[in-house]
Amino acid sequence: MASTRTAVGKARVLVASNRGPVSYQVREDGSLDARRGGGGLVSGLSAIGSDADSVWVCAALGDGDRAAVRRADGGLLPVEETGGQRVRMLDIDASVHAEAYNGIANSVLWFVHHLLYQTPLEPVFDADFRRQWASYQTYNQAFAEALAEEAAEGAAVLIQDYHLALAPRMLRRLRPDLRIGHFSHTPWAPPDYFRLLPDDIAAELLGGVLGADRAGFLTRRWADAFTACCHEVLGPGIPSGTEIGVHGLGADGDFLRERAHRADVAERMAALREEIGEGRRTIVRVDRTELSKNIVRGLLAYEQLLTDRPEWREKVVHVAFAYPSRQDLAVYRDYTAEVRRVADRINERYGTPGWTPVVLHVKDDFARSLAAYRMADVALVNPIRDGMNLVAKEIPVVSDEGCALVLSREAGAHEELGEDAFTVNPYDITGTARALHEALTLPAEERAARSKRLAAAATALPPARWFLDQLQALTAQPS
Ligand code: G6P
């Protein structure tokens with residue numbers, strides 16, 4: 001646990017997130033293997049740079065991470081293992097972390113902001129929840145104290161996501177001199193749904209974020225929902241000291257195009273081509289196996305396409321990559337099993353000796369994801385709700401022949417890509433099946449033209465710009 005020391009540190013720019021840019025595995029011989037993470041969040045936040053003036057504060061997430069922290073100097077990881085960045089990893093008590101991360105962040109806040117409560121996970125706000133809430137407070141306080149220690153006078157601190165909704169106010173109390181930003185990568189729940197939370201907890205969460213000078217969101221819609229929650233729950237709404245900002249996040253086009261043309265991706269394409277079969281069209285999706293991603297309804301829509309439009313049988317393959325996520329939670333494990341069960345059922349029902357209708361892969365492999373992106377005729381992105389959804393932006397950038405995008409109107413990315421996509425209501429399976437058919441039948445020229453426009457819109461806000469815009473807005477704002 002962090003100490004309560006609040007002496008003024010050195011860093012001028014700080015970011016804080018639960019998951020950091022590096023994670024450690026313990027090798028068989030007991031030594032530690034450091035791996036850099038990928039994804040938009042890490043690449044965006046990596047714009048923090050590697051000079052001694054900046055530090056990234058994150059939590060140790062497993063045994064490897066904990067061993068790395070214990071051997072590190074004051075929690076600061078060796079820069080040769082972090083790609084040059086100064087990273088302070090917090091060794092938060094494992095049960096406190098589990099209750100804050102799995103109990104509150106993933107089972108409550110994630111479900112509220114994505115409107116996901118329904119059987120089998122209903123909201124239960126009892127004594128167990130209150131105990132987990134205390135862990136969430138402790139976890140947030142540990143971040144606030146570490147940030148207070150590391151930050152130079154007047155430094156800028158960018159706190160990330162629903163894991164750390166209380167940290168801005170806690171940090172403000174410790175260090176009123178700092179410029180504090182909070183950024184939500186998720187949607188924000190509308191007031192009627194947010195108010196499922198007990199009143200005191202709802203007020204504490206909003207008050208926590210309002211401890212920041214600037215609360216950032218990926219789209220205007222999520223920012224407006226936050227503002228509406230403040231009005232309904234707190235009465236007076238947004239205090240004059242807090243500014244609400246909208247900062248969209250785009251795909252890193254240069255990186256993706258270069259990475260997608262390396263040899264390992266070409267190898268994966270050859271292997272996938274074998275699985276798909278010559279001359280067939282592809283409907284591609286790549287997601288974490290996540291309830292909000294709506295993978296099962298996507299499969300059911302594909303099944304309905306095969307049922308209603310027999311002309312597509314043998315001619316199309318649904319390439320679905322669903323990478324396990326948050327498997328500590330039973331509801332995620334059950335969902336993973338359900339995805340498999342439905343995919344198997346479709347293959348049993350419609351498959352023939354030479355054609356597997358659904359090619360499902362569950363082992364995370366970035367090179368294979370890029371291979372599927374390149375081969376996509378249609379990209380299926382149908383989340384129930386999503387802060388942005390970078391896959392919707394990445395596939396058009398990488399696809400070789402240009403792809404048609406079937407996109408949920410509930411993804412943040414829809415605000416930027418909607419005009420050239422086939423828009424779906426994520427709950428409407430029949431409507432999604434129809435959109436898949438329309439996307440598959442789009443003439444090649446029109447598809448390429450749309451895909452080009454999608455790629456241009458998708459790369460308009462590269463991750464580094466997202467970071468620098470936030471930082472600039474935060475530091476430009478008067479105290
Ligand atoms: C998604 C969300 C992020 C969130 C992350 C956490 O990518 O868009 O807002 O921070 O999940 O995932 P984790 O695997 O760390 O629970």
# chains A, B, ... in the order shown; residues from 1 in each chain; ligands from 1

call {"tool": "select_by_dssp", "arguments": {"residues": "region 140-169 of chain A", "states": "helix (DSSP H, G or I)", "output": "tab-separated table (two decimals) with N, CA and C atoms, in the first residue's frame"}}
result
chain	number	residue	atom	x	y	z
A	140	ASN	N	-8.63	3.24	-4.90
A	140	ASN	CA	-8.55	4.60	-5.46
A	140	ASN	C	-7.63	5.49	-4.62
A	141	GLN	N	-7.71	5.32	-3.29
A	141	GLN	CA	-6.86	6.13	-2.40
A	141	GLN	C	-5.38	5.79	-2.63
A	142	ALA	N	-5.09	4.52	-2.89
A	142	ALA	CA	-3.68	4.13	-3.14
A	142	ALA	C	-3.15	4.85	-4.37
A	143	PHE	N	-3.98	4.95	-5.41
A	143	PHE	CA	-3.56	5.69	-6.61
A	143	PHE	C	-3.37	7.17	-6.28
A	144	ALA	N	-4.33	7.74	-5.55
A	144	ALA	CA	-4.24	9.18	-5.25
A	144	ALA	C	-2.96	9.47	-4.48
A	145	GLU	N	-2.62	8.61	-3.53
A	145	GLU	CA	-1.42	8.86	-2.72
A	145	GLU	C	-0.15	8.73	-3.55
A	146	ALA	N	-0.12	7.72	-4.41
A	146	ALA	CA	1.08	7.56	-5.25
A	146	ALA	C	1.23	8.73	-6.21
A	147	LEU	N	0.12	9.17	-6.78
A	147	LEU	CA	0.18	10.31	-7.71
A	147	LEU	C	0.63	11.57	-6.95
A	148	ALA	N	0.11	11.75	-5.73
A	148	ALA	CA	0.49	12.92	-4.94
A	148	ALA	C	1.99	12.92	-4.65
A	149	GLU	N	2.53	11.73	-4.45
A	149	GLU	CA	3.97	11.63	-4.17
A	149	GLU	C	4.82	11.93	-5.39
A	150	GLU	N	4.33	11.49	-6.54
A	150	GLU	CA	5.15	11.58	-7.75
A	150	GLU	C	5.06	12.93	-8.45
A	162	TYR	N	-13.32	4.04	-15.34
A	162	TYR	CA	-14.24	3.75	-14.24
A	162	TYR	C	-13.56	3.07	-13.06
A	163	HIS	N	-12.39	2.48	-13.28
A	163	HIS	CA	-11.67	1.91	-12.14
A	163	HIS	C	-11.30	3.00	-11.14
A	164	LEU	N	-11.07	4.19	-11.66
A	164	LEU	CA	-10.49	5.27	-10.86
A	164	LEU	C	-11.40	6.50	-10.82
A	167	ALA	N	-10.59	8.67	-7.59
A	167	ALA	CA	-9.23	9.18	-7.40
A	167	ALA	C	-9.09	10.69	-7.63
A	168	PRO	N	-9.81	11.29	-8.61
A	168	PRO	CA	-9.60	12.73	-8.81
A	168	PRO	C	-9.88	13.56	-7.54
A	169	ARG	N	-11.02	13.29	-6.90
A	169	ARG	CA	-11.34	14.08	-5.70
A	169	ARG	C	-10.34	13.78	-4.57

call {"tool": "residues_around", "arguments": {"residues": "region 395-412 of chain A", "least_positions_apart": "4", "cutoff": "7 Å", "atoms": "only C-alpha atoms", "output": "PDB file with C-alpha atoms, in the first residue's frame"}}
result
ATOM      1  CA  THR A 219     -18.283  11.348 -27.552  1.00  0.00           C
ATOM      2  CA  GLY A 253      -3.208   4.222 -39.344  1.00  0.00           C
ATOM      3  CA  LEU A 256      -1.561  -0.612 -38.473  1.00  0.00           C
ATOM      4  CA  ARG A 257      -0.692  -0.477 -42.170  1.00  0.00           C
ATOM      5  CA  ALA A 260      -0.368  -5.625 -41.193  1.00  0.00           C
ATOM      6  CA  TYR A 373      -8.842  -7.513 -41.036  1.00  0.00           C
ATOM      7  CA  ARG A 374      -7.045  -7.650 -44.377  1.00  0.00           C
ATOM      8  CA  MET A 375      -9.352 -10.388 -45.672  1.00  0.00           C
ATOM      9  CA  ALA A 376     -12.630  -8.829 -44.485  1.00  0.00           C
ATOM     10  CA  ASP A 377     -15.389  -8.261 -47.037  1.00  0.00           C
ATOM     11  CA  VAL A 378     -17.758  -7.283 -44.262  1.00  0.00           C
ATOM     12  CA  ALA A 379     -16.843  -6.159 -40.742  1.00  0.00           C
ATOM     13  CA  LEU A 380     -19.447  -6.893 -38.079  1.00  0.00           C
ATOM     14  CA  VAL A 381     -19.313  -4.558 -35.061  1.00  0.00           C
ATOM     15  CA  ASN A 382     -22.616  -4.763 -33.180  1.00  0.00           C
ATOM     16  CA  PRO A 383     -22.013  -3.864 -29.512  1.00  0.00           C
ATOM     17  CA  ILE A 384     -24.906  -3.259 -27.175  1.00  0.00           C
ATOM     18  CA  ARG A 385     -22.981  -0.173 -26.120  1.00  0.00           C
ATOM     19  CA  ASP A 386     -19.374   0.795 -26.544  1.00  0.00           C
ATOM     20  CA  GLY A 387     -17.356   3.865 -25.590  1.00  0.00           C
ATOM     21  CA  MET A 388     -15.780   4.044 -29.050  1.00  0.00           C
ATOM     22  CA  ASN A 389     -14.878   0.628 -30.568  1.00  0.00           C
ATOM     23  CA  VAL A 391     -12.088  -2.445 -34.311  1.00  0.00           C
ATOM     24  CA  ALA A 421     -21.798   2.108 -42.471  1.00  0.00           C
ATOM     25  CA  PHE A 422     -24.833  -0.192 -42.409  1.00  0.00           C
ATOM     26  CA  THR A 423     -26.355   0.876 -39.117  1.00  0.00           C
ATOM     27  CA  VAL A 424     -27.973  -1.699 -36.848  1.00  0.00           C
ATOM     28  CA  ASN A 425     -29.915  -1.732 -33.620  1.00  0.00           C
ATOM     29  CA  PRO A 426     -27.803  -4.267 -31.678  1.00  0.00           C
ATOM     30  CA  ALA A 435     -27.734  -5.509 -42.885  1.00  0.00           C
ATOM     31  CA  LEU A 436     -25.286  -8.386 -43.380  1.00  0.00           C
ATOM     32  CA  ALA A 439     -23.292  -5.369 -46.917  1.00  0.00           C
ATOM     33  CA  ARG A 447     -17.664  -0.868 -51.183  1.00  0.00           C
ATOM     34  CA  ALA A 448     -14.121   0.304 -51.907  1.00  0.00           C
ATOM     35  CA  SER A 451     -14.180   1.816 -47.117  1.00  0.00           C
ATOM     36  CA  LEU A 454     -14.322   5.076 -43.434  1.00  0.00           C
ATOM     37  CA  ALA A 455     -10.537   4.711 -43.209  1.00  0.00           C
TER      38      ALA A 455
END

call {"tool": "residues_around", "arguments": {"residues": "Ser240 (chain A)", "least_positions_apart": "3", "cutoff": "12 Å", "atoms": "only C-alpha atoms", "output": "list in words"}}
result
Leu210, Gly211, Ala212, Asp213, Arg214, Pro236, Gly237, Glu243, Ile244, Pro478 and Ser479 of chain A

call {"tool": "closest_residue", "arguments": {"among": "A:Val15, A:Leu109, A:Leu116, A:Ala223", "to": "Ile201 (chain A)", "atoms": "only C-alpha atoms"}}
result
A:Leu109

call {"tool": "residues_around", "arguments": {"residues": "His97 (chain A)", "least_positions_apart": "2", "cutoff": "10 Å", "atoms": "only C-alpha atoms", "output": "VMD selection string"}}
result
chain A and resid 18 59 to 61 91 to 95 99 to 104 132 135 to 136 138 to 140

call {"tool": "residues_near_ligand", "arguments": {"ligand": "ligand 1", "cutoff": "7 Å", "atoms": "only C-alpha atoms and all ligand atoms", "output": "PyMOL selection string"}}
result
chain A and resi 18-19+106+161+184-186+325-326+387

call {"tool": "atom_distance", "arguments": {"atom1": "CA of Tyr302 (chain A)", "atom2": "CA of Trp110 (chain A)"}}
result
27.2 Å

call {"tool": "residues_around", "arguments": {"residues": "Ala68 (chain A)", "least_positions_apart": "4", "cutoff": "9 Å", "atoms": "only C-alpha atoms", "output": "list of chain:residue names"}}
result
A:Tyr24, A:Leu32, A:Ala34, A:Ala60, A:Asp63, A:Gly64, A:Ala72, A:Gly75, A:Leu77, A:Met89

call {"tool": "residues_around", "arguments": {"residues": "Ser46 (chain A)", "least_positions_apart": "3", "cutoff": "12 Å", "atoms": "only C-alpha atoms", "output": "number ranges by chain"}}
result
A: 13-16, 20-22, 36-43, 49-51, 54-56, 82-87, 463-468

call {"tool": "write_last_selection", "arguments": {"atoms": "N, CA and C atoms", "output": "CSV table (one decimal), in the first residue's frame"}}
result
chain,number,residue,atom,x,y,z
A,13,VAL,N,4.0,15.5,-15.8
A,13,VAL,CA,2.8,14.9,-16.5
A,13,VAL,C,2.7,13.5,-15.9
A,14,LEU,N,1.5,13.1,-15.5
A,14,LEU,CA,1.3,11.8,-14.9
A,14,LEU,C,0.0,11.2,-15.5
A,15,VAL,N,0.0,9.9,-15.8
A,15,VAL,CA,-1.2,9.2,-16.1
A,15,VAL,C,-1.4,8.1,-15.1
A,16,ALA,N,-2.7,7.8,-14.9
A,16,ALA,CA,-3.0,6.7,-14.0
A,16,ALA,C,-4.1,5.8,-14.6
A,20,GLY,N,-1.4,-1.2,-16.8
A,20,GLY,CA,-0.3,-0.3,-17.3
A,20,GLY,C,0.2,-0.8,-18.6
A,21,PRO,N,1.3,-0.2,-19.1
A,21,PRO,CA,1.8,-0.5,-20.4
A,21,PRO,C,2.7,-1.8,-20.5
A,22,VAL,N,2.9,-2.4,-19.3
A,22,VAL,CA,3.8,-3.6,-19.3
A,22,VAL,C,3.2,-4.6,-18.3
A,36,ARG,N,5.1,-5.8,-23.3
A,36,ARG,CA,4.4,-4.5,-23.5
A,36,ARG,C,3.0,-4.8,-24.0
A,37,GLY,N,2.0,-4.1,-23.5
A,37,GLY,CA,0.6,-4.3,-23.9
A,37,GLY,C,0.4,-3.6,-25.2
A,38,GLY,N,-0.7,-3.9,-25.9
A,38,GLY,CA,-1.1,-3.2,-27.1
A,38,GLY,C,-2.4,-2.5,-26.9
A,39,GLY,N,-3.0,-2.1,-28.0
A,39,GLY,CA,-4.4,-1.5,-27.9
A,39,GLY,C,-4.3,0.0,-27.9
A,40,GLY,N,-5.4,0.6,-28.2
A,40,GLY,CA,-5.6,2.0,-28.3
A,40,GLY,C,-5.2,2.8,-27.0
A,41,LEU,N,-5.6,2.2,-25.9
A,41,LEU,CA,-5.4,2.9,-24.6
A,41,LEU,C,-3.9,3.0,-24.4
A,42,VAL,N,-3.2,1.9,-24.5
A,42,VAL,CA,-1.7,1.9,-24.3
A,42,VAL,C,-1.0,2.8,-25.3
A,43,SER,N,-1.4,2.7,-26.6
A,43,SER,CA,-0.7,3.5,-27.5
A,43,SER,C,-1.0,5.0,-27.4
A,49,GLY,N,5.3,9.8,-23.3
A,49,GLY,CA,6.8,10.0,-23.5
A,49,GLY,C,7.6,9.3,-22.5
A,50,SER,N,8.9,9.4,-22.6
A,50,SER,CA,9.8,8.6,-21.8
A,50,SER,C,10.8,9.5,-21.0
A,51,ASP,N,10.5,10.8,-20.9
A,51,ASP,CA,11.5,11.6,-20.2
A,51,ASP,C,11.2,11.5,-18.7
A,54,SER,N,7.9,12.6,-16.6
A,54,SER,CA,6.6,12.0,-16.7
A,54,SER,C,6.6,10.6,-16.0
A,55,VAL,N,5.4,10.2,-15.5
A,55,VAL,CA,5.3,8.9,-14.9
A,55,VAL,C,3.9,8.4,-15.1
A,56,TRP,N,3.9,7.1,-15.3
A,56,TRP,CA,2.6,6.3,-15.4
A,56,TRP,C,2.4,5.5,-14.2
A,82,THR,N,10.2,-1.3,-19.8
A,82,THR,CA,9.0,-0.6,-20.0
A,82,THR,C,9.0,0.2,-21.3
A,83,GLY,N,10.0,-0.1,-22.2
A,83,GLY,CA,10.1,0.7,-23.4
A,83,GLY,C,10.5,2.1,-23.1
A,84,GLY,N,11.2,2.3,-22.0
A,84,GLY,CA,11.8,3.6,-21.7
A,84,GLY,C,10.9,4.5,-20.8
A,85,GLN,N,9.6,4.1,-20.6
A,85,GLN,CA,8.7,4.9,-19.8
A,85,GLN,C,9.0,4.7,-18.3
A,86,ARG,N,8.8,5.8,-17.6
A,86,ARG,CA,8.8,5.7,-16.1
A,86,ARG,C,7.5,5.2,-15.7
A,87,VAL,N,7.4,4.0,-15.1
A,87,VAL,CA,6.2,3.4,-14.7
A,87,VAL,C,6.3,3.0,-13.2
A,463,PRO,N,-4.1,8.2,-31.9
A,463,PRO,CA,-4.0,8.1,-30.5
A,463,PRO,C,-3.1,9.2,-29.8
A,464,ALA,N,-2.0,9.5,-30.4
A,464,ALA,CA,-1.1,10.4,-29.8
A,464,ALA,C,-1.8,11.8,-29.7
A,465,ARG,N,-2.6,12.1,-30.8
A,465,ARG,CA,-3.2,13.4,-30.8
A,465,ARG,C,-4.3,13.5,-29.6
A,466,TRP,N,-5.0,12.3,-29.5
A,466,TRP,CA,-6.0,12.3,-28.4
A,466,TRP,C,-5.3,12.6,-27.0
A,467,PHE,N,-4.2,12.1,-26.8
A,467,PHE,CA,-3.5,12.3,-25.5
A,467,PHE,C,-3.1,13.8,-25.4
A,468,LEU,N,-2.4,14.3,-26.5
A,468,LEU,CA,-1.9,15.6,-26.4
A,468,LEU,C,-3.0,16.7,-26.4

call {"tool": "residues_around", "arguments": {"residues": "region 312-316 of chain A", "least_positions_apart": "5", "cutoff": "7 Å", "atoms": "only C-alpha atoms", "output": "ChimeraX atom specification"}}
result
/A:280-282,306,355

call {"tool": "write_last_selection", "arguments": {"atoms": "N, CA and C atoms", "output": "CSV table (one decimal), in the first residue's frame"}}
result
chain,number,residue,atom,x,y,z
A,280,ARG,N,-14.6,-17.7,-51.2
A,280,ARG,CA,-15.7,-17.4,-50.3
A,280,ARG,C,-15.6,-15.9,-49.7
A,281,ARG,N,-16.8,-15.3,-49.5
A,281,ARG,CA,-16.8,-14.0,-48.9
A,281,ARG,C,-16.6,-14.2,-47.3
A,282,THR,N,-16.2,-13.1,-46.7
A,282,THR,CA,-15.9,-13.2,-45.3
A,282,THR,C,-16.7,-12.1,-44.5
A,306,LEU,N,-28.3,-17.3,-43.1
A,306,LEU,CA,-28.2,-18.6,-43.8
A,306,LEU,C,-29.5,-19.2,-43.9
A,355,TRP,N,-17.3,-27.0,-46.1
A,355,TRP,CA,-17.6,-25.7,-45.7
A,355,TRP,C,-17.9,-25.6,-44.2

call {"tool": "select_by_dssp", "arguments": {"residues": "region 55-185 of chain A", "states": "strand (DSSP E)", "output": "list in words"}}
result
Val55, Trp56, Val57, Cys58, Ala59, Val87, Arg88, Met89, Leu90, Ala151, Ala152, Glu153, Gly154, Ala155, Ala156, Val157, Leu158, Ile159, Gln160, Arg179, Ile180, Gly181, His182, Phe183 and Ser184 of chain A

call {"tool": "closest_residue", "arguments": {"among": "A:Val96, A:Val342, A:Asp53, A:Asp65", "to": "Gln25 (chain A)", "atoms": "only C-alpha atoms"}}
result
A:Asp65

call {"tool": "atom_distance", "arguments": {"atom1": "CA of Ala456 (chain A)", "atom2": "CA of Gly298 (chain A)"}}
result
26.1 Å

call {"tool": "closest_residue", "arguments": {"among": "A:Asp420, A:Ala392, A:Pro310, A:Val209", "to": "Ala251 (chain A)", "atoms": "only C-alpha atoms"}}
result
A:Ala392

call {"tool": "atom_distance", "arguments": {"atom1": "CA of Leu249 (chain A)", "atom2": "CA of Val339 (chain A)"}}
result
28.7 Å
